[in-house]
Structure formats: C-alpha cells, structure tokens
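Okay, entry.txt now, which holds compact mmCIF, C-alpha atoms:
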# COMPACT_ATOMS: atom_id res chain seq x y z
CA MET A 1042 82.55 28.25 -2.22
CA ALA A 1043 79.32 28.14 -0.35
CA ARG A 1044 76.96 25.41 0.77
CA THR A 1045 73.39 25.79 1.94
CA ILE A 1046 70.91 24.09 4.20
CA THR A 1047 67.23 24.99 4.32
CA VAL A 1048 64.86 23.75 6.99
CA GLU A 1049 61.29 24.59 7.83
CA GLY A 1050 58.64 23.75 10.37
CA ASP A 1051 55.50 24.84 12.14
CA VAL A 1052 55.47 27.00 15.23
CA ASN A 1053 52.07 26.52 16.77
CA ALA A 1054 52.51 27.61 20.38
CA ILE A 1055 53.86 30.69 22.08
CA ASP A 1056 57.17 30.59 23.97
CA THR A 1057 57.96 27.09 22.76
CA ARG A 1058 61.23 25.98 21.21
CA ASN A 1059 60.46 24.24 17.90
CA LEU A 1060 63.22 22.36 16.12
CA LEU A 1061 63.16 22.92 12.38
CA THR A 1062 64.09 19.52 10.96
CA SER A 1063 62.21 19.07 7.71
CA GLN A 1064 62.53 20.46 4.20
CA GLY A 1065 59.17 20.10 2.53
CA SER A 1066 59.23 16.81 0.62
CA VAL A 1067 62.47 15.85 2.38
CA THR A 1068 61.45 14.95 5.89
CA ALA A 1069 64.90 14.63 7.41
CA PRO A 1070 67.63 16.59 5.63
CA SER A 1071 71.14 16.27 7.00
CA LEU A 1072 71.99 18.87 9.60
CA VAL A 1073 75.67 18.02 9.53
CA VAL A 1074 77.82 21.02 8.65
CA PRO A 1075 79.50 20.16 5.32
CA ALA A 1076 83.17 19.18 5.43
CA GLY A 1077 85.47 22.16 5.09
CA MET A 1078 82.86 24.74 6.05
CA THR A 1079 83.87 26.77 9.12
CA LYS A 1080 81.44 29.69 9.15
CA ILE A 1081 77.77 30.48 8.80
CA LYS A 1082 78.16 33.31 6.35
CA LYS A 1083 74.52 34.24 5.81
CA ILE A 1084 71.16 33.62 7.42
CA ILE A 1085 67.87 33.93 5.54
CA ALA A 1086 64.69 33.51 7.57
CA SER A 1087 60.99 34.11 7.19
CA GLY A 1088 57.93 33.37 9.28
CA CYS A 1089 54.24 34.06 8.96
CA ALA A 1090 51.21 33.16 11.05
CA ASP A 1091 47.60 32.63 10.09
CA GLY A 1092 46.40 35.26 12.56
CA LEU A 1093 43.59 33.10 13.82
CA ALA A 1094 44.15 34.40 17.33
CA ALA A 1095 44.38 38.02 18.43
CA GLY A 1096 47.89 38.85 19.54
CA GLN A 1097 51.35 39.93 18.50
CA VAL A 1098 54.65 38.09 18.33
CA VAL A 1099 58.27 38.41 17.42
CA PHE A 1100 59.99 35.47 15.77
CA LEU A 1101 63.20 34.10 17.31
CA LEU A 1102 65.85 31.90 15.72
CA ARG A 1103 68.15 29.70 17.76
CA LEU A 1104 71.30 28.20 16.27
CA GLY A 1105 72.93 25.61 18.49
CA GLY A 1106 74.14 22.08 18.75
CA ASN A 1107 77.62 20.65 18.77
CA ALA A 1108 78.61 22.42 15.56
CA VAL A 1109 78.22 25.97 16.88
CA LEU A 1110 81.56 26.75 18.48
CA ASN A 1111 80.67 29.72 20.68
CA GLY A 1112 77.44 28.37 22.08
CA GLU A 1113 73.86 28.98 21.06
CA GLN A 1114 73.26 32.12 19.03
CA THR A 1115 69.84 33.80 19.19
CA LEU A 1116 68.43 36.24 16.69
CA VAL A 1117 65.14 37.98 16.03
CA PHE A 1118 63.97 37.85 12.42
CA GLY A 1119 60.49 39.36 12.20
CA GLY A 1120 57.17 40.02 13.84
CA GLU A 1121 53.47 39.74 13.22
CA GLY A 1122 50.30 41.04 14.80
CA SER A 1123 46.62 40.39 14.39
CA ILE A 1124 43.39 41.47 16.02
CA ALA A 1125 40.26 39.37 15.83
CA ALA A 1126 38.22 40.35 12.81
CA GLN A 1127 34.61 41.39 12.72
CA ALA A 1128 32.31 38.50 11.95
CA GLY A 1129 31.82 38.13 8.24
CA SER A 1130 34.61 40.46 7.25
CA ASP A 1131 37.53 39.55 5.09
CA VAL A 1132 40.92 40.07 6.60
CA ALA A 1133 43.83 41.02 4.43
CA PRO A 1134 46.54 38.37 4.15
CA SER A 1135 49.83 38.90 5.89
CA LEU A 1136 53.01 38.27 3.96
CA GLY A 1137 55.95 37.22 6.07
CA SER A 1138 58.96 39.44 5.57
CA LEU A 1139 62.25 37.94 4.42
CA PHE A 1140 65.11 38.64 6.79
CA VAL A 1141 68.58 38.36 5.26
CA LEU A 1142 71.64 38.66 7.47
CA ASN A 1143 74.75 39.01 5.36
CA ASP A 1144 78.15 38.47 6.95
CA ALA A 1145 76.67 36.54 9.88
CA ASP A 1146 80.19 35.25 10.63
CA ILE A 1147 79.27 32.53 13.14
CA ASP A 1148 81.97 29.94 13.82
CA VAL A 1149 80.99 26.31 13.24
CA ARG A 1150 82.77 22.98 13.31
CA PRO A 1151 82.55 21.05 10.05
CA SER A 1152 81.20 17.51 10.07
CA ASP A 1153 79.29 18.14 13.29
CA THR A 1154 75.58 18.63 13.79
CA ILE A 1155 73.77 21.94 14.02
CA THR A 1156 70.33 22.46 15.55
CA ILE A 1157 68.03 25.12 14.14
CA ALA A 1158 65.01 26.13 16.19
CA ALA A 1159 62.37 28.84 16.00
CA GLU A 1160 59.98 30.39 18.46
CA MET A 1161 57.18 32.91 18.69
CA ALA A 1162 57.39 35.22 21.69
CA GLY A 1163 54.67 37.59 22.81
CA VAL A 1164 50.97 36.74 22.63
CA ASP A 1165 49.81 33.76 20.56
CA ILE A 1166 48.42 34.70 17.13
CA GLY A 1167 47.73 31.20 15.83
CA ASP A 1168 49.86 28.83 13.79
CA ALA A 1169 52.99 29.97 12.02
CA ALA A 1170 55.21 28.51 9.34
CA VAL A 1171 58.93 29.26 9.49
CA ALA A 1172 61.71 28.58 7.00
CA VAL A 1173 65.41 29.21 7.51
CA THR A 1174 68.38 28.94 5.16
CA LEU A 1175 71.96 28.94 6.36
CA VAL A 1176 74.76 29.66 3.92
CA TYR A 1177 78.02 28.05 4.99
CA GLY A 1178 81.46 29.22 3.95
CA LYS A 1179 85.06 29.39 5.09
CA MET B 1148 87.08 37.67 13.68
CA SER B 1149 83.71 36.16 14.42
CA LYS B 1150 80.42 37.36 15.81
CA LEU B 1151 78.14 36.49 18.69
CA TYR B 1152 74.41 37.17 18.85
CA ARG B 1153 72.48 37.83 22.05
CA SER B 1154 68.74 38.54 22.13
CA ARG B 1155 65.92 39.60 24.42
CA GLU B 1156 62.24 40.32 23.88
CA GLY B 1157 59.26 41.63 25.77
CA ASP B 1158 55.86 43.28 25.54
CA VAL B 1159 55.18 47.02 25.71
CA THR B 1160 51.65 47.57 26.97
CA ALA B 1161 51.48 51.32 27.64
CA VAL B 1162 52.51 54.47 25.81
CA ASP B 1163 55.47 56.51 27.02
CA THR B 1164 56.52 53.76 29.39
CA LYS B 1165 60.07 52.46 29.61
CA THR B 1166 59.73 48.68 29.46
CA GLN B 1167 62.66 46.35 30.04
CA LEU B 1168 63.12 43.40 27.67
CA THR B 1169 64.03 40.50 29.92
CA THR B 1170 62.76 37.29 28.34
CA LEU B 1171 63.65 35.12 25.37
CA GLY B 1172 60.64 33.11 24.30
CA SER B 1173 60.74 29.79 26.10
CA GLU B 1174 63.43 31.16 28.42
CA THR B 1175 61.46 33.23 30.91
CA ALA B 1176 64.52 34.14 32.96
CA PRO B 1177 67.61 34.07 30.75
CA GLY B 1178 69.42 36.35 33.20
CA PRO B 1179 71.43 39.45 32.47
CA LEU B 1180 72.56 40.11 28.92
CA LEU B 1181 76.31 40.27 29.40
CA VAL B 1182 78.82 41.54 26.91
CA PRO B 1183 80.67 38.37 25.88
CA ALA B 1184 84.25 37.97 27.03
CA GLY B 1185 86.59 39.18 24.33
CA ALA B 1186 83.97 41.30 22.56
CA LYS B 1187 85.53 44.34 20.92
CA MET B 1188 82.38 46.24 20.07
CA LEU B 1189 78.65 46.14 19.54
CA LYS B 1190 78.77 45.95 15.79
CA ALA B 1191 75.06 46.12 15.02
CA ILE B 1192 71.56 45.92 16.40
CA ILE B 1193 68.89 43.74 14.83
CA SER B 1194 65.38 44.66 15.89
CA THR B 1195 61.79 43.85 15.18
CA PHE B 1196 58.40 44.49 16.70
CA ALA B 1197 54.72 43.71 16.18
CA SER B 1198 51.56 45.48 17.26
CA ASN B 1199 48.31 43.68 17.97
CA PHE B 1200 46.36 46.50 16.27
CA ALA B 1201 43.94 46.55 19.20
CA VAL B 1202 43.44 50.32 19.14
CA ALA B 1203 42.70 52.64 16.23
CA ALA B 1204 45.79 54.73 16.76
CA ASP B 1205 49.37 55.24 15.65
CA GLY B 1206 52.62 54.94 17.53
CA ALA B 1207 56.36 54.83 17.04
CA ILE B 1208 58.64 52.32 18.72
CA PHE B 1209 62.16 52.88 19.92
CA ILE B 1210 64.61 51.05 22.15
CA ARG B 1211 67.10 52.12 24.78
CA LEU B 1212 70.42 50.48 25.63
CA GLU B 1213 71.82 51.16 29.08
CA GLY B 1214 74.05 49.65 31.71
CA PRO B 1215 77.70 49.17 32.66
CA GLY B 1216 78.41 47.28 29.46
CA LEU B 1217 78.29 50.59 27.58
CA PRO B 1218 81.27 52.73 28.70
CA GLU B 1219 80.15 55.74 26.64
CA GLY B 1220 76.71 55.79 28.23
CA PRO B 1221 73.16 54.99 27.08
CA GLU B 1222 72.05 54.78 23.48
CA SER B 1223 68.66 54.83 21.75
CA LEU B 1224 67.37 53.65 18.40
CA THR B 1225 64.11 54.06 16.51
CA ILE B 1226 62.95 50.68 15.25
CA GLY B 1227 59.64 51.48 13.52
CA ALA B 1228 56.05 52.64 13.77
CA SER B 1229 52.60 51.24 13.17
CA GLY B 1230 48.98 52.31 13.06
CA VAL B 1231 45.54 51.09 12.13
CA ALA B 1232 42.32 52.94 11.28
CA VAL B 1233 39.90 50.57 12.94
CA ALA B 1234 40.41 48.22 15.85
CA THR B 1235 38.76 45.29 14.09
CA GLY B 1236 40.69 43.34 11.57
CA GLY B 1237 44.24 44.66 11.56
CA HIS B 1238 46.77 42.01 10.52
CA GLY B 1239 50.32 42.51 9.39
CA SER B 1240 53.90 41.33 9.34
CA PHE B 1241 56.87 43.36 10.44
CA ASN B 1242 60.42 43.30 9.14
CA ALA B 1243 63.50 42.79 11.22
CA SER B 1244 66.15 45.36 10.43
CA ARG B 1245 69.88 45.47 11.08
CA THR B 1246 71.53 48.77 11.93
CA GLU B 1247 75.32 49.05 12.02
CA MET B 1248 76.55 50.89 15.10
CA GLU B 1249 80.11 50.12 16.25
CA ILE B 1250 79.39 51.03 19.88
CA PRO B 1251 82.20 50.45 22.41
CA VAL B 1252 81.46 47.82 25.05
CA THR B 1253 82.92 46.56 28.30
CA PRO B 1254 83.20 42.75 28.30
CA ALA B 1255 81.57 40.80 31.12
CA ASN B 1256 79.32 43.73 31.98
CA GLU B 1257 75.58 43.96 31.53
CA ILE B 1258 73.60 45.75 28.85
CA LEU B 1259 70.00 46.53 29.75
CA LEU B 1260 67.49 46.66 26.91
CA PHE B 1261 64.30 48.69 27.06
CA ALA B 1262 61.55 49.45 24.56
CA GLU B 1263 58.98 52.21 24.42
CA MET B 1264 55.91 53.10 22.43
CA ALA B 1265 55.53 56.83 21.72
CA GLY B 1266 52.76 58.85 20.14
CA GLU B 1267 49.47 57.11 20.74
CA ASP B 1268 48.75 53.88 22.54
CA THR B 1269 48.36 51.26 19.80
CA GLY B 1270 47.60 48.36 22.12
CA THR B 1271 50.27 45.84 22.96
CA VAL B 1272 53.56 45.73 21.08
CA SER B 1273 56.04 42.87 21.23
CA VAL B 1274 59.63 43.95 20.71
CA GLY B 1275 62.65 41.76 19.96
CA VAL B 1276 66.25 42.94 19.93
CA THR B 1277 69.45 41.13 18.97
CA LEU B 1278 72.86 42.55 19.80
CA GLU B 1279 75.61 41.61 17.35
CA PHE B 1280 79.01 41.56 19.04
CA VAL B 1281 82.35 41.28 17.26
CA LEU B 1282 85.10 39.23 18.84
Could you render the structure from this file as structure tokens?
Amino acid sequence: MARTITVEGDVNAIDTRNLLTSQGSVTAPSLVVPAGMTKIKKIIASGCADGLAAGQVVFLLRLGGNAVLNGEQTLVFGGEGSIAAQAGSDVAPSLGSLFVLNDADIDVRPSDTITIAAEMAGVDIGDAAVAVTLVYGK
Amino acid sequence: MSKLYRSREGDVTAVDTKTQLTTLGSETAPGPLLVPAGAKMLKAIISTFASNFAVAADGAIFIRLEGPGLPEGPESLTIGASGVAVATGGHGSFNASRTEMEIPVTPANEILLFAEMAGEDTGTVSVGVTLEFVL
C-alpha cells in the first residue's frame, strides 16, 4: 500500500530555502506522514524557470522536519540555464525534466510532520515553479 | 536497510579546471561531506548540471570523487554535455540522472567532490551532486 503527498511552490531567489506548502487549489495540504507509513519509497520532482535572467542553476530538494528519522536529506533533481535573448527574438520554451527516484528508502516516523523545501543554486535565472511528490510506504 | 542522501553544488567557470563543489544553496559553508556513520557503501550518484549558454561552444561535464572516505581511491563519472550555436538566446533544462555504483566507503571520513568542464569553454556551468549511501 502506498500513499502520496504532492506539494508545489515558487522559487524566486537564488540560494534561498523555499518551503513547498501548497498544492494548487489546496493552499495547505497536510504534511503529516500517514499513519502506518514508515518509508519514503519514491520521490518525483520537477522544476522549471522562466529564464528571464541570464544564468544557470541546479535545483535542490530538502526533506526534513520531525518525521525524517535520520536528519535532513538533500538531493539534486535538475538544472536549467538561460542566456539573455536578442531583442525582438523569440526564445524557445524550456520544459522542466521529471526526476523520478525509485527505491528512495528514507526512514520516516508516521503521524509526524515532514518539511519539503526547494532551492535554486548557481546564478539566478528568474522565477521557477517546483512540484514534488513523495510516495510513502512501509 | 535505509538510505541517506548528501549533496553539494558549485559553479565551474573555466574549461579543464578541477573545481571543488563545496556549497549547498542557502548553506554557503555546509562543511565537509562525511560518509555517514554506519554507511556500508556509496550505492549511487545522482547528478545534474546546467550551462548558461554564454558561449557558442560545446563541452562535456564530469565529476571526480576523492578523499579518505573512498578506501579504493578516486573515482570519476561523466554526467553530461551541452552546446549552443549562438551565444544569444540559449535556454534549456537539464535532467538529473542516477547512476548505480556500489563503491566502498569509510564511515566518518570525508569525500571531496569536484566537477570539470572539458572540450570547449561553454561559459559557466552549475553542477549538483547527491551521494546515496546505504546503511
């Protein structure tokens, strides 16, 4: 049996820890690990920036809070780069890649709260949107 | 069995230059990346990078793992390549990839992470690396 939680948020500044606490139309989904779930089995993450600034970043995911038994876990899940376009030109869109980590195997404590945060590291490329899904299991 | 994930990132700004990855976003000085106590092996490496496309050129990116946390000696891993034809308007996303390794480690000892750009100088490249340890 598996349970999921998906959160998303904006990452609009470089080297800044951004808590992901919303879920689109649901502004405050529960971040309590479901009863009986003892592992994060999978992580699915994606991020993409608008490229309105010239730079390059890697996206970081931080999993912490009281529910994560072995302390905060940090993972990279993608990157993006952009150079300022010529005036009047059309720049191709950038499609954020989908990172899927199977068998993540991170120990968590059920009925306790997890914190999910994202960052851009490198040189600011504008505003980014990030979404993360955790799949819990036993 | 469970897993622990430790990450570092940094910017590579010159070709053929060994560049240590020492930061972690908002943590500018996270300290040495130590093999966690009880870790049996480095199970996998998750890596990603991004170029700023500032130069019309092409380059490949690889990382190096060194330090006393690796009893069998240093390792290296290709993590990707990028290029652009004109230095005006490049824009792209880059995947993160996971590579299974099963490299022996020495708990409580440091692993140093480095990245390099090879080929041509493509501008500045940000590199992020996550080490996946098995307890």
My list of candidates is B:Val1231, B:Ala1203, B:Ala1191, B:Glu1279. Which is closest to Glu1247 of chain B when distances are computed with only C-alpha atoms?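 Counting only C-alpha atoms, the residue closest to Glu1247 of chain B is B:Ala1191.
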Using all atoms listed in the file, determine which residues of chain A fall within 7 Å of chain B; present them as a PyMOL selection string. chain A and resi 1056-1058+1095-1099+1114-1127+1132-1133+1135-1138+1140+1146-1148+1160-1163
Identify which of the residues B:Ser1229, B:Val1182, B:Thr1253, B:Leu1224 lies closest to Asp1205 of chain B, counting only C-alpha atoms when measuring atom-to-atom distances.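 Smallest separation from Asp1205 of chain B among the options: B:Ser1229.
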Between atom CA of Val1074 of chain A and atom CA of Ser1087 of chain A, what is the spacing in Å?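 One can read the atom CA of Ser1087 of chain A to atom CA of Val1074 of chain A distance as 21.4 Å.
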For atom CA of Thr1164 of chain B and atom CA of Leu1212 of chain B, quote the distance in Å rounded to one decimal. 14.8 Å
Distance of atom CA of Ile1166 of chain A from atom CA of Ala1265 of chain B, expressed in Å to one decimal place: 23.7 Å
Residues within 12 Å of (74.3, 53.1, 29.7), counting all atoms listed in the file, listed as an MDAnalysis selection string: chainID B and resid 1211:1223 1250:1253 1256:1261
Identify the residues within 8 Å of coordinate (72.7, 38.5, 9.8) (same frame as the file), considering all atoms listed in the file, and give the answer as an MDAnalysis selection string. (chainID A and resid 1083:1085 1141:1145) or (chainID B and resid 1245)
